[in-house]
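Next up, data-v3.cif (mmCIF, C-alpha atoms; chains and numbers go by the auth columns):
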data_model
#
loop_
_atom_site.group_PDB
_atom_site.id
_atom_site.type_symbol
_atom_site.label_atom_id
_atom_site.label_comp_id
_atom_site.label_asym_id
_atom_site.label_seq_id
_atom_site.Cartn_x
_atom_site.Cartn_y
_atom_site.Cartn_z
_atom_site.B_iso_or_equiv
_atom_site.auth_seq_id
_atom_site.auth_asym_id
ATOM 1 C CA MET A 1 0.000 0.000 0.000 0.00 1 V
ATOM 2 C CA LEU A 2 1.190 3.513 -0.752 0.00 2 V
ATOM 3 C CA ARG A 3 2.317 5.673 2.115 0.00 3 V
ATOM 4 C CA HIS A 4 1.116 8.844 0.452 0.00 4 V
ATOM 5 C CA GLU A 5 -0.905 9.820 -2.566 0.00 5 V
ATOM 6 C CA PHE A 6 0.788 10.501 -5.879 0.00 6 V
ATOM 7 C CA ARG A 7 1.036 14.181 -6.823 0.00 7 V
ATOM 8 C CA PRO A 8 1.676 14.385 -10.579 0.00 8 V
ATOM 9 C CA GLY A 9 1.836 18.189 -10.610 0.00 9 V
ATOM 10 C CA ARG A 10 4.767 18.187 -8.232 0.00 10 V
ATOM 11 C CA ALA A 11 6.529 15.532 -10.304 0.00 11 V
ATOM 12 C CA VAL A 12 6.104 17.576 -13.503 0.00 12 V
ATOM 13 C CA ALA A 13 7.269 20.770 -11.768 0.00 13 V
ATOM 14 C CA GLY A 14 10.309 18.935 -10.413 0.00 14 V
ATOM 15 C CA LEU A 15 11.214 17.614 -13.852 0.00 15 V
ATOM 16 C CA ALA A 16 10.865 21.094 -15.356 0.00 16 V
ATOM 17 C CA MET A 17 13.123 22.564 -12.666 0.00 17 V
ATOM 18 C CA LEU A 18 15.688 19.804 -13.234 0.00 18 V
ATOM 19 C CA ALA A 19 15.648 20.612 -16.954 0.00 19 V
ATOM 20 C CA LEU A 20 16.214 24.292 -16.156 0.00 20 V
ATOM 21 C CA ALA A 21 19.069 23.489 -13.788 0.00 21 V
ATOM 22 C CA GLY A 22 20.657 21.195 -16.370 0.00 22 V
ATOM 23 C CA GLY A 23 20.352 23.860 -19.058 0.00 23 V
ATOM 24 C CA TYR A 24 21.919 26.526 -16.860 0.00 24 V
ATOM 25 C CA ALA A 25 24.719 24.141 -15.832 0.00 25 V
ATOM 26 C CA ALA A 26 25.452 23.232 -19.450 0.00 26 V
ATOM 27 C CA ASP A 27 25.465 26.917 -20.398 0.00 27 V
ATOM 28 C CA ALA A 28 27.757 27.800 -17.483 0.00 28 V
ATOM 29 C CA ALA A 29 30.165 24.988 -18.375 0.00 29 V
ATOM 30 C CA GLY A 30 30.320 26.194 -21.981 0.00 30 V
ATOM 31 C CA ALA A 31 28.915 22.947 -23.365 0.00 31 V
ATOM 32 C CA TRP A 32 25.812 24.673 -24.682 0.00 32 V
ATOM 33 C CA GLU A 33 25.398 28.218 -25.981 0.00 33 V
ATOM 34 C CA VAL A 34 21.826 29.521 -25.773 0.00 34 V
ATOM 35 C CA PRO A 35 20.431 32.997 -25.096 0.00 35 V
ATOM 36 C CA TRP A 36 19.162 33.528 -21.570 0.00 36 V
ATOM 37 C CA THR A 37 15.647 34.207 -22.907 0.00 37 V
ATOM 38 C CA PHE A 38 15.395 30.532 -23.933 0.00 38 V
ATOM 39 C CA PHE A 39 14.798 29.526 -20.317 0.00 39 V
ATOM 40 C CA PHE A 40 11.643 31.621 -19.792 0.00 40 V
ATOM 41 C CA PRO A 41 9.391 29.492 -22.027 0.00 41 V
ATOM 42 C CA LEU A 42 10.791 26.362 -20.391 0.00 42 V
ATOM 43 C CA LEU A 43 10.012 27.728 -16.929 0.00 43 V
ATOM 44 C CA PHE A 44 6.507 28.947 -17.702 0.00 44 V
ATOM 45 C CA GLY A 45 5.692 25.934 -19.877 0.00 45 V
ATOM 46 C CA GLY A 46 6.754 23.599 -17.076 0.00 46 V
ATOM 47 C CA LEU A 47 4.659 25.482 -14.540 0.00 47 V
ATOM 48 C CA TRP A 48 1.665 25.410 -16.895 0.00 48 V
ATOM 49 C CA LEU A 49 2.045 21.653 -17.418 0.00 49 V
ATOM 50 C CA ALA A 50 2.346 21.136 -13.651 0.00 50 V
ATOM 51 C CA ALA A 51 -0.835 23.132 -13.036 0.00 51 V
ATOM 52 C CA THR A 52 -2.661 21.168 -15.728 0.00 52 V
ATOM 53 C CA ALA A 53 -1.501 17.838 -14.269 0.00 53 V
ATOM 54 C CA THR A 54 -2.616 18.950 -10.807 0.00 54 V
ATOM 55 C CA TRP A 55 -6.052 19.980 -12.091 0.00 55 V
ATOM 56 C CA VAL A 56 -6.546 16.700 -13.982 0.00 56 V
ATOM 57 C CA ALA A 57 -5.485 14.655 -10.946 0.00 57 V
ATOM 58 C CA TYR A 58 -7.876 16.645 -8.754 0.00 58 V
ATOM 59 C CA MET A 59 -10.782 16.032 -11.126 0.00 59 V
ATOM 60 C CA VAL A 60 -10.030 12.302 -11.358 0.00 60 V
ATOM 61 C CA ARG A 61 -9.704 11.988 -7.565 0.00 61 V
ATOM 62 C CA ARG A 62 -12.916 13.956 -7.018 0.00 62 V
ATOM 63 C CA ARG A 63 -14.862 11.813 -9.483 0.00 63 V
ATOM 64 C CA ARG A 64 -13.489 8.587 -7.996 0.00 64 V
ATOM 65 C CA GLU A 65 -14.452 9.654 -4.452 0.00 65 V
ATOM 66 C CA ALA A 66 -17.949 10.687 -5.577 0.00 66 V
ATOM 67 C CA ARG A 67 -18.474 7.362 -7.333 0.00 67 V
ATOM 68 C CA LYS A 68 -17.274 5.479 -4.251 0.00 68 V
ATOM 69 C CA ALA A 69 -19.551 7.495 -1.944 0.00 69 V
ATOM 70 C CA SER A 70 -22.603 6.946 -4.140 0.00 70 V
ATOM 71 C CA ALA A 71 -21.958 3.200 -4.279 0.00 71 V
ATOM 72 C CA GLU A 72 -21.745 2.954 -0.502 0.00 72 V
ATOM 73 C CA ASN A 73 -24.838 5.039 0.201 0.00 73 V
ATOM 74 C CA ILE A 74 -27.704 3.059 -1.358 0.00 74 V
ATOM 75 C CA GLY A 75 -30.148 3.164 1.581 0.00 75 V
ATOM 76 C CA ALA A 76 -32.833 5.717 2.353 0.00 76 V
ATOM 77 C CA PRO A 77 -31.741 9.013 3.913 0.00 77 V
ATOM 78 C CA ALA A 78 -31.776 9.239 7.703 0.00 78 V
ATOM 79 C CA SER A 79 -34.661 11.694 7.725 0.00 79 V
ATOM 80 C CA SER A 80 -37.029 12.359 4.869 0.00 80 V
ATOM 81 C CA SER A 81 -39.359 14.674 6.789 0.00 81 V
ATOM 82 C CA GLY A 82 -37.269 17.751 6.122 0.00 82 V
ATOM 83 C CA SER A 83 -36.126 18.166 9.702 0.00 83 V
ATOM 84 C CA HIS A 84 -32.426 17.885 10.389 0.00 84 V
ATOM 85 C CA ALA A 85 -32.847 17.628 14.150 0.00 85 V
ATOM 86 C CA ILE A 86 -31.661 14.426 15.768 0.00 86 V
ATOM 87 C CA ARG A 87 -34.055 13.159 18.446 0.00 87 V
#

How does this structure look as structure tokens?
Amino acid sequence: MLRHEFRPGRAVAGLAMLALAGGYAADAAGAWEVPWTFFFPLLFGGLWLAATATWVAYMVRRRREARKASAENIGAPASSSGSHAIR
């Protein structure tokens, strides 16, 4: 069993930051010559992909939990008279 839930948005953001760090390291070492403006689309594209992955995972998790709750709750409601008071 998993110890924690998988967060795909964090994984995508981490991969984008590793790509940025690798690009800056290669540029600093002289192995790769690129203008500094090249890294902005990589940064913002990675953040956009991370946000999209987080949103998709949230929607999937929300739908799965709703389906599970509706399958478990097949009986009549506790009170159908309209009163929410517990006696």

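When only C-alpha atoms are used to compute distances to Arg61 of chain V, the closest of the residues V:Arg7, V:Leu43, V:Ala13, V:Trp48 turns out to be V:Arg7.
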
Inset, instruction - Considering only C-alpha atoms, state which residue in the set V:Arg63, V:Leu18, V:Ala57, V:Leu47 is at the smallest distance from Phe6 of chain V. - result: V:Ala57

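What the PyMOL selection byres ((chain V and resi 10) around 12) picks from this file is V:Glu5, V:Phe6, V:Arg7, V:Pro8, V:Gly9, V:Ala11, V:Val12, V:Ala13, V:Gly14, V:Leu15, V:Ala16, V:Met17, V:Gly46, V:Leu47, V:Trp48, V:Leu49, V:Ala50, V:Ala51, V:Thr52, V:Ala53, V:Thr54, V:Trp55, V:Ala57.
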
Selected residues written out with C-alpha atoms, as an mmCIF file, in the coordinates of the input:
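Here's the written file selection_10.cif:
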data_model
loop_
_atom_site.group_PDB
_atom_site.id
_atom_site.type_symbol
_atom_site.label_atom_id
_atom_site.label_comp_id
_atom_site.auth_asym_id
_atom_site.auth_seq_id
_atom_site.Cartn_x
_atom_site.Cartn_y
_atom_site.Cartn_z
ATOM 1 C CA GLU V 5 -0.905 9.820 -2.566
ATOM 2 C CA PHE V 6 0.788 10.501 -5.879
ATOM 3 C CA ARG V 7 1.036 14.181 -6.823
ATOM 4 C CA PRO V 8 1.676 14.385 -10.579
ATOM 5 C CA GLY V 9 1.836 18.189 -10.610
ATOM 6 C CA ALA V 11 6.529 15.532 -10.304
ATOM 7 C CA VAL V 12 6.104 17.576 -13.503
ATOM 8 C CA ALA V 13 7.269 20.770 -11.768
ATOM 9 C CA GLY V 14 10.309 18.935 -10.413
ATOM 10 C CA LEU V 15 11.214 17.614 -13.852
ATOM 11 C CA ALA V 16 10.865 21.094 -15.356
ATOM 12 C CA MET V 17 13.123 22.564 -12.666
ATOM 13 C CA GLY V 46 6.754 23.599 -17.076
ATOM 14 C CA LEU V 47 4.659 25.482 -14.540
ATOM 15 C CA TRP V 48 1.665 25.410 -16.895
ATOM 16 C CA LEU V 49 2.045 21.653 -17.418
ATOM 17 C CA ALA V 50 2.346 21.136 -13.651
ATOM 18 C CA ALA V 51 -0.835 23.132 -13.036
ATOM 19 C CA THR V 52 -2.661 21.168 -15.728
ATOM 20 C CA ALA V 53 -1.501 17.838 -14.269
ATOM 21 C CA THR V 54 -2.616 18.950 -10.807
ATOM 22 C CA TRP V 55 -6.052 19.980 -12.091
ATOM 23 C CA ALA V 57 -5.485 14.655 -10.946
#

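Here atom CA of Phe44 of chain V stands at a distance of 27.6 Å from atom CA of His4 of chain V.
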
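In this structure, atom CA of Thr37 of chain V sits 14.5 Å away from atom CA of Ala21 of chain V.
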
Can you report as AutoDock Vina command-line options the centre and edge lengths in Å, to one decimal, of an axis-aligned box around the listed atoms of segment 12-31 of chain V padded with 8 Å on each side?
--center_x 18.2 --center_y 22.7 --center_z -16.9 --size_x 40.2 --size_y 26.2 --size_z 29.0

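If you look at atom CA of Ser70 of chain V and atom CA of Val56 of chain V, they are 21.2 Å away from each other.
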
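Near (12.9, 26.3, -19.0), the residues inside the 6 Å limit, counting only C-alpha atoms, come to Leu20, Phe39, Phe40, Pro41, Leu42 and Leu43 of chain V.
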